[in-house]
Amino acid sequence: MRRPFTRHKNELVLACIFLALFVAFSLASANFFSVTNVMNLFSQMSTLGLLTLGMAASMISGGMDLSVGALCSLSTVLCATFIGVKGMDIALSVLLVFALALLCGLFNGILIGYFKIDAMLVTLGTQSLFTGIGLVISKGITVSIPTDRFGLFGRYRLFGVIPFQILLLFFAIAVSILLFNFRIAGRRIYLIGSNREVARFAGINIPRNIVFTYVFSAAMAFLAALVMASRVSSGRADVAAAQVLKSVSAAVFGGVSTLGGIGTLGGAMLGAAVITLISNGMDMMNLSTYLQQISTGAILLVVLAFRHMRRK
Amino acid sequence: MRKNPGGKSKEIALAARRAVVGAMRRILKGKFREIVLIAVIVIIGAVVRSIMPSFTSRINIVNILYGNAVLGIMAMGMMMVLVTGNVDVSAGGQYAVCGMVVAMFVRATGGLYTVPAILIGMATGLVLGLFNGILVSKLRIPAIVVTLGTLNIMRGTLNLITSGNWIDGLKGPFSKFANIRWMSLPLAVYIWLFVLLFTYFLLYRTGMGRDILAVGGNKVAARRIGLNESKAYLVAFGYMGMLTGLSAAIACSKLKIAQPSNGTGYEMQLIAACVIGGTAFSGGIASILGTLLGILLLGVIDNGLVLSKVPVYWQELTTGVIIILAVASGVLKNFGRRAKGGTRHA
């Protein structure tokens with residue numbers, strides 16, 4: 001009976017932090033605890049959560065995908081260009097952008113997996129590359145989507161209450177956790193991340209699994225892009241640039257190690273939830289965004305320091 | 001026997017050639033990447049010059065050097081951090097904090113005290129850098145995560161204190177020091193040159209530098225022979241912070257304005273320049289000349305695109321392509337360097 005507790009101690013601690021903060025914000029702010037705001041909270045979490053899924057997956061494999069933000073931004077630009085400027089069919093454009101995003105992920109994966117270049121270096125380069133392509137396509141301005149039919153991913157609410165993006169996020173989380181924690185494919189990626197040498201001797205095709213990881217990360221970036229583009233009916237080449245470091249923070253916060261092989265996607269999601277909760281709660285208390293920035297950084301360091309002390 | 005003056009001079013010529021070739025070999029040994037970088041810069045320069053002849057004018061070349069001195073100085077610090085096997089993504093935040101501190105001091109004193117202003121900038125940077133260094137070496141959290149946290153704290157605190165307002169209209173002697181010209185080159189470029197030489201001296205001519213290279217090259221081996229890795233980390237992060245402060249002071253003097261949002265994205269440019277120049281992400285390998293060429297390559301591309309009137313949004317794309325090519329090229333022929341973990345001269 002003790003096993004689930006000891007195995008998922010980190011996740012439990014995070015869940016407790018989440019609940020404690022939730023209660024604290026409910027007491028501190030009159031507007032915080034309402035159906036509308038809780039729905040808002042999860043909507044705000046959806047983009048960061050999706051990007052963090054990809055980031056955490058790449059970190060578990062022993063690398064780090066710094067290009068998720070750029071790829072997400074590029075996808076919003078592509079969506080906006082296909083639908084808004086070219087006037088293409090929405091379903092067709094979405095599929096096309098999905099294919100292009102997967103191609104970008106494939107590019108990352110091939111350079112990292114088959115050419116064996118350091119993941120951070122590759123994605124640092126592709127970050128510039130994807131942002132650059134987005135800037136060139138959009139000519140550096142915001143591309144708007146005039147039609148209202150694209151609102152499904154970012155504005156539509158099921159029964160007028162539950163935002164569709166939350167369902168999208170939960171669907172993505174469920175599929176990812178199933179894939180990474182209950183399938184052999186995911187276990188392989190864990191093994192590659194914790195010890196590449198052993199993984200090789202175990203007969204695992206490392207390049208192919210690395211490619212899979214970065215394609216998965218690209219797919220998550222694409223989903224986040226759908227939500228972002230639909231939310232504001234536009235695309236911009238730097239719209240998700242600030243999300244990259246945030247998603248790294250969320251993943252690390254959730255217990256994913258930057259050295260690979262350690263941590264769970266569920267933990268990473270809790271990390272993203274806590275970070276979103278802090279910014280939402282502070283918004284509701286009318287505290288400045290700068291203070292949010294400081295507290296996010298400070299909490300990250302304190303939690304890590306605490307975790308380190310316990311390990312000693 | 002008949003004298004053969006022709007043979008004698010031939011012999012001398014042969015010996016001279018052998019000496020020259022030998023010297024060249026020694027100088028160029030293991031510098032394949034640097035040679036390629038120089039070639040790429042020359043080719044890009046030639047292309048831009050054919051479009052816009054003013055590219056190679058003395059004024060423009062001085063402009064490129066002057067414009068990149070700030071990043072060039074910081075890149076030496078970033079290289080130092082990368083050599084230890086760490087990375088500092090808070091560079092932009094440090095730069096902004098130092099810039100604001102210097103600007104406040106300059107505004108308060110009317111810009112009369114140039115050297116104290118620079119020293120205050122460097123001291124501020126040193127404190128911030130040591131803060132990073134202590135967290136990394138004592139808590140043993142990966143540097144990217146630590147500096148991510150401190151970046152947030154630095155930027156947030158700065159924005160909170162200044163409420164996002166900038167300080168402009170810096171006056172007095174301070175606002176002119178970076179552009180004091182000697183032989184048509186501004187002082188900032190000489191400072192850059194001095195920092196390059198100083199970094200070379202620090203890294204290859206002192207025991208501390210050797211320790212830093214050793215710790216970065218093989219942490220376990222360095223620990224076994226009794227090297228203090230915490231000290232190496234502290235020196236590297238402190239050096240990074242100090243140079244960031246120096247750069248921020250130069251930028252203040254050059255632009256006569258300091259903003260809390262200054263230096264956004266600098267960290268990525270610095271890392272890119274170091275990586276293009278052949279500094280290994282895994283630590284232990286440094287190249288001062290390569291880093292310098294990396295900065296110049298990015299600077300020449302930017303300048304060339306502006307002069308050729310290419311729309312500004314192409315810059316990011318070209319930078320990305322160059323980084324990927326540079327990184328990929330390193331794999332195709334490991335560029336004549338020794339096995340991973342080996343150290344190498346600048």
# chains A, B, ... in the order shown; residues from 1 in each chain; ligands from 1

$ interface_residues --of "chain B" --to "chain A" --cutoff "10 Å" --atoms "only C-alpha atoms" --output "PyMOL selection string"
chain B and resi 89+135+138-161+163-164+268-269+271-272+275-276+280-282+311-328+330-332

$ residues_around --residues "segment 181-194 of chain A" --least-positions-apart "6" --cutoff "9 Å" --atoms "only C-alpha atoms" --output "list in words"
Ala57, Ser58, Met59, Ile60, Ser61, Gly62, Gly63, Arg200, Ile204, Ile206, Asn209, Ile210, Thr213, Leu259, Gly260, Gly261, Ile262, Thr264 and Leu265 of chain A

$ write_last_selection --atoms "all heavy atoms" --output "CSV table (one decimal), in the first residue's frame"
chain,number,residue,atom,x,y,z
A,57,ALA,N,9.1,15.5,-22.6
A,57,ALA,CA,9.5,14.3,-23.4
A,57,ALA,C,10.9,14.4,-23.9
A,57,ALA,O,11.7,13.4,-23.7
A,57,ALA,CB,8.5,14.1,-24.5
A,58,SER,N,11.3,15.5,-24.4
A,58,SER,CA,12.6,15.7,-24.9
A,58,SER,C,13.7,15.6,-23.8
A,58,SER,O,14.8,15.1,-24.0
A,58,SER,CB,12.8,16.9,-25.8
A,58,SER,OG,12.6,18.1,-25.0
A,59,MET,N,13.3,16.2,-22.6
A,59,MET,CA,14.2,16.2,-21.5
A,59,MET,C,14.4,14.8,-21.0
A,59,MET,O,15.5,14.4,-20.6
A,59,MET,CB,13.7,17.1,-20.4
A,59,MET,CG,14.0,18.6,-20.7
A,59,MET,SD,13.1,19.7,-19.7
A,59,MET,CE,14.0,19.5,-18.1
A,60,ILE,N,13.3,14.0,-21.0
A,60,ILE,CA,13.4,12.6,-20.5
A,60,ILE,C,14.3,11.8,-21.4
A,60,ILE,O,15.1,11.0,-20.9
A,60,ILE,CB,12.0,12.0,-20.4
A,60,ILE,CG1,11.2,12.6,-19.2
A,60,ILE,CG2,12.1,10.5,-20.3
A,60,ILE,CD1,9.8,12.2,-19.2
A,61,SER,N,14.3,12.1,-22.7
A,61,SER,CA,15.2,11.4,-23.6
A,61,SER,C,16.6,11.9,-23.5
A,61,SER,O,17.5,11.4,-24.2
A,61,SER,CB,14.7,11.6,-25.1
A,61,SER,OG,15.1,12.9,-25.5
A,62,GLY,N,16.9,12.8,-22.6
A,62,GLY,CA,18.3,13.2,-22.4
A,62,GLY,C,18.7,14.5,-23.2
A,62,GLY,O,19.8,14.9,-23.2
A,63,GLY,N,17.7,15.1,-23.9
A,63,GLY,CA,18.0,16.3,-24.6
A,63,GLY,C,17.2,17.5,-24.1
A,63,GLY,O,16.9,17.5,-22.9
A,200,ARG,N,21.9,1.2,-25.9
A,200,ARG,CA,22.5,0.7,-27.1
A,200,ARG,C,22.7,-0.8,-27.0
A,200,ARG,O,22.4,-1.6,-27.9
A,200,ARG,CB,23.8,1.5,-27.5
A,200,ARG,CG,24.1,1.5,-28.9
A,200,ARG,CD,25.1,2.6,-29.2
A,200,ARG,NE,26.3,2.5,-28.4
A,200,ARG,CZ,27.3,1.7,-28.7
A,200,ARG,NH1,27.3,0.9,-29.8
A,200,ARG,NH2,28.4,1.6,-27.9
A,204,ILE,N,18.3,-1.2,-28.4
A,204,ILE,CA,17.4,-0.2,-28.8
A,204,ILE,C,17.9,0.6,-29.9
A,204,ILE,O,19.1,1.0,-29.9
A,204,ILE,CB,17.0,0.7,-27.6
A,204,ILE,CG1,16.3,-0.1,-26.5
A,204,ILE,CG2,16.2,1.9,-28.0
A,204,ILE,CD1,16.1,0.6,-25.2
A,206,ILE,N,18.4,3.7,-31.1
A,206,ILE,CA,18.4,5.0,-30.4
A,206,ILE,C,18.0,6.2,-31.4
A,206,ILE,O,17.1,6.9,-31.1
A,206,ILE,CB,19.8,5.4,-29.8
A,206,ILE,CG1,20.0,4.4,-28.7
A,206,ILE,CG2,19.8,6.8,-29.3
A,206,ILE,CD1,21.4,4.5,-28.0
A,209,ASN,N,14.2,6.3,-31.9
A,209,ASN,CA,13.4,6.7,-30.8
A,209,ASN,C,13.6,8.2,-30.5
A,209,ASN,O,12.7,8.9,-30.1
A,209,ASN,CB,13.8,5.9,-29.6
A,209,ASN,CG,13.2,4.5,-29.6
A,209,ASN,OD1,12.0,4.4,-29.4
A,209,ASN,ND2,14.0,3.5,-29.9
A,210,ILE,N,14.8,8.7,-30.8
A,210,ILE,CA,15.0,10.1,-30.6
A,210,ILE,C,14.2,10.9,-31.6
A,210,ILE,O,13.5,11.9,-31.2
A,210,ILE,CB,16.5,10.5,-30.8
A,210,ILE,CG1,17.4,9.8,-29.8
A,210,ILE,CG2,16.8,12.0,-30.9
A,210,ILE,CD1,17.6,10.6,-28.5
A,213,THR,N,10.7,11.1,-30.4
A,213,THR,CA,10.6,12.1,-29.3
A,213,THR,C,10.4,13.5,-29.9
A,213,THR,O,9.5,14.2,-29.4
A,213,THR,CB,11.8,12.0,-28.4
A,213,THR,OG1,12.1,10.7,-28.1
A,213,THR,CG2,11.5,12.8,-27.1
A,259,LEU,N,19.1,16.1,-17.0
A,259,LEU,CA,20.1,15.1,-17.4
A,259,LEU,C,19.5,13.9,-18.1
A,259,LEU,O,20.1,13.1,-18.6
A,259,LEU,CB,20.9,14.7,-16.2
A,259,LEU,CG,21.5,15.8,-15.4
A,259,LEU,CD1,22.2,15.3,-14.1
A,259,LEU,CD2,22.6,16.5,-16.3
A,260,GLY,N,18.1,13.8,-18.0
A,260,GLY,CA,17.4,12.8,-18.7
A,260,GLY,C,17.1,11.6,-17.9
A,260,GLY,O,17.7,11.3,-16.9
A,261,GLY,N,16.0,10.9,-18.3
A,261,GLY,CA,15.7,9.6,-17.7
A,261,GLY,C,14.9,9.7,-16.4
A,261,GLY,O,14.4,8.7,-15.9
A,262,ILE,N,14.8,10.9,-15.8
A,262,ILE,CA,14.1,11.0,-14.5
A,262,ILE,C,12.9,11.9,-14.7
A,262,ILE,O,13.0,13.0,-15.4
A,262,ILE,CB,15.0,11.5,-13.4
A,262,ILE,CG1,16.2,10.6,-13.3
A,262,ILE,CG2,14.3,11.7,-12.1
A,262,ILE,CD1,17.3,11.1,-12.4
A,264,THR,N,8.3,12.4,-14.6
A,264,THR,CA,7.1,11.9,-15.3
A,264,THR,C,6.4,13.0,-16.0
A,264,THR,O,6.6,14.2,-15.6
A,264,THR,CB,6.1,11.2,-14.4
A,264,THR,OG1,5.7,12.1,-13.4
A,264,THR,CG2,6.8,10.0,-13.7
A,265,LEU,N,5.7,12.7,-17.0
A,265,LEU,CA,4.9,13.7,-17.7
A,265,LEU,C,3.8,14.3,-16.8
A,265,LEU,O,3.5,15.4,-16.8
A,265,LEU,CB,4.3,13.2,-19.0
A,265,LEU,CG,5.3,12.8,-20.1
A,265,LEU,CD1,4.6,12.3,-21.3
A,265,LEU,CD2,6.2,14.0,-20.4

$ closest_residue --among "B:Thr264, B:Ser90, B:Thr291, B:Asn132" --to "Ala242 of chain A" --atoms "only C-alpha atoms"
B:Thr264

$ residues_around --residues "segment 40-42 of chain A" --least-positions-apart "2" --cutoff "12 Å" --atoms "only C-alpha atoms" --output "ChimeraX atom specification"
/A:22,31-38,44-50,154-155,157,161-170,269-270,272-284

$ select_by_dssp --residues "segment 42-277 of chain B" --states "alpha helix (DSSP H)" --output "NGL selection string"
:B and (42-51 or 58-83 or 91-109 or 114-139 or 143-162 or 187-204 or 207-217 or 219-224 or 229-255 or 266-276)

$ select_by_dssp --residues "segment 141-254 of chain A" --states "strand (DSSP E or B)" --output "PDB file with N, CA and C atoms, in the first residue's frame"
ATOM      1  N   VAL A 143      -0.486  38.232 -38.547  1.00  0.00           N
ATOM      2  CA  VAL A 143      -1.391  37.835 -39.623  1.00  0.00           C
ATOM      3  C   VAL A 143      -2.724  37.449 -38.994  1.00  0.00           C
ATOM      4  N   SER A 144      -3.788  38.105 -39.393  1.00  0.00           N
ATOM      5  CA  SER A 144      -5.059  37.819 -38.742  1.00  0.00           C
ATOM      6  C   SER A 144      -5.882  36.813 -39.544  1.00  0.00           C
ATOM      7  N   ARG A 157     -16.800  26.857 -26.179  1.00  0.00           N
ATOM      8  CA  ARG A 157     -17.027  26.235 -24.876  1.00  0.00           C
ATOM      9  C   ARG A 157     -18.108  25.186 -25.004  1.00  0.00           C
ATOM     10  N   LEU A 158     -17.786  23.990 -24.560  1.00  0.00           N
ATOM     11  CA  LEU A 158     -18.742  22.900 -24.588  1.00  0.00           C
ATOM     12  C   LEU A 158     -19.842  23.191 -23.575  1.00  0.00           C
ATOM     13  N   ILE A 162     -17.445  24.439 -20.473  1.00  0.00           N
ATOM     14  CA  ILE A 162     -16.104  23.846 -20.528  1.00  0.00           C
ATOM     15  C   ILE A 162     -15.412  24.233 -21.834  1.00  0.00           C
ATOM     16  N   PRO A 163     -14.313  24.967 -21.749  1.00  0.00           N
ATOM     17  CA  PRO A 163     -13.599  25.337 -22.969  1.00  0.00           C
ATOM     18  C   PRO A 163     -13.052  24.098 -23.668  1.00  0.00           C
ATOM     19  N   SER A 234      -5.268  34.987 -34.826  1.00  0.00           N
ATOM     20  CA  SER A 234      -4.148  35.522 -35.584  1.00  0.00           C
ATOM     21  C   SER A 234      -2.903  34.687 -35.325  1.00  0.00           C
ATOM     22  N   GLY A 235      -1.882  34.960 -36.119  1.00  0.00           N
ATOM     23  CA  GLY A 235      -0.609  34.283 -35.936  1.00  0.00           C
ATOM     24  C   GLY A 235       0.519  35.293 -35.957  1.00  0.00           C
TER      25      GLY A 235
END

$ closest_residue --among "A:Ala229, A:Ala199, A:Ala20, A:Ile110" --to "Ile83 of chain A" --atoms "only C-alpha atoms"
A:Ala229

$ residues_around --residues "segment 185-196 of chain B" --least-positions-apart "4" --cutoff "10 Å" --atoms "only C-alpha atoms" --output "number ranges by chain"
B: 58-59, 61-63, 65-77, 176-181, 200-202, 243, 246-247, 250-251, 253-254, 288-289, 291-292

$ atom_distance --atom1 "atom CA of Ile257 of chain B" --atom2 "atom CA of Ile167 of chain B"
5.6 Å

$ residues_around --residues "Asn228 of chain B" --least-positions-apart "6" --cutoff "9 Å" --atoms "only C-alpha atoms" --output "PyMOL selection string"
chain B and resi 211+215+222

$ atom_distance --atom1 "atom CA of Phe98 of chain A" --atom2 "atom CA of Val244 of chain A"
19.7 Å
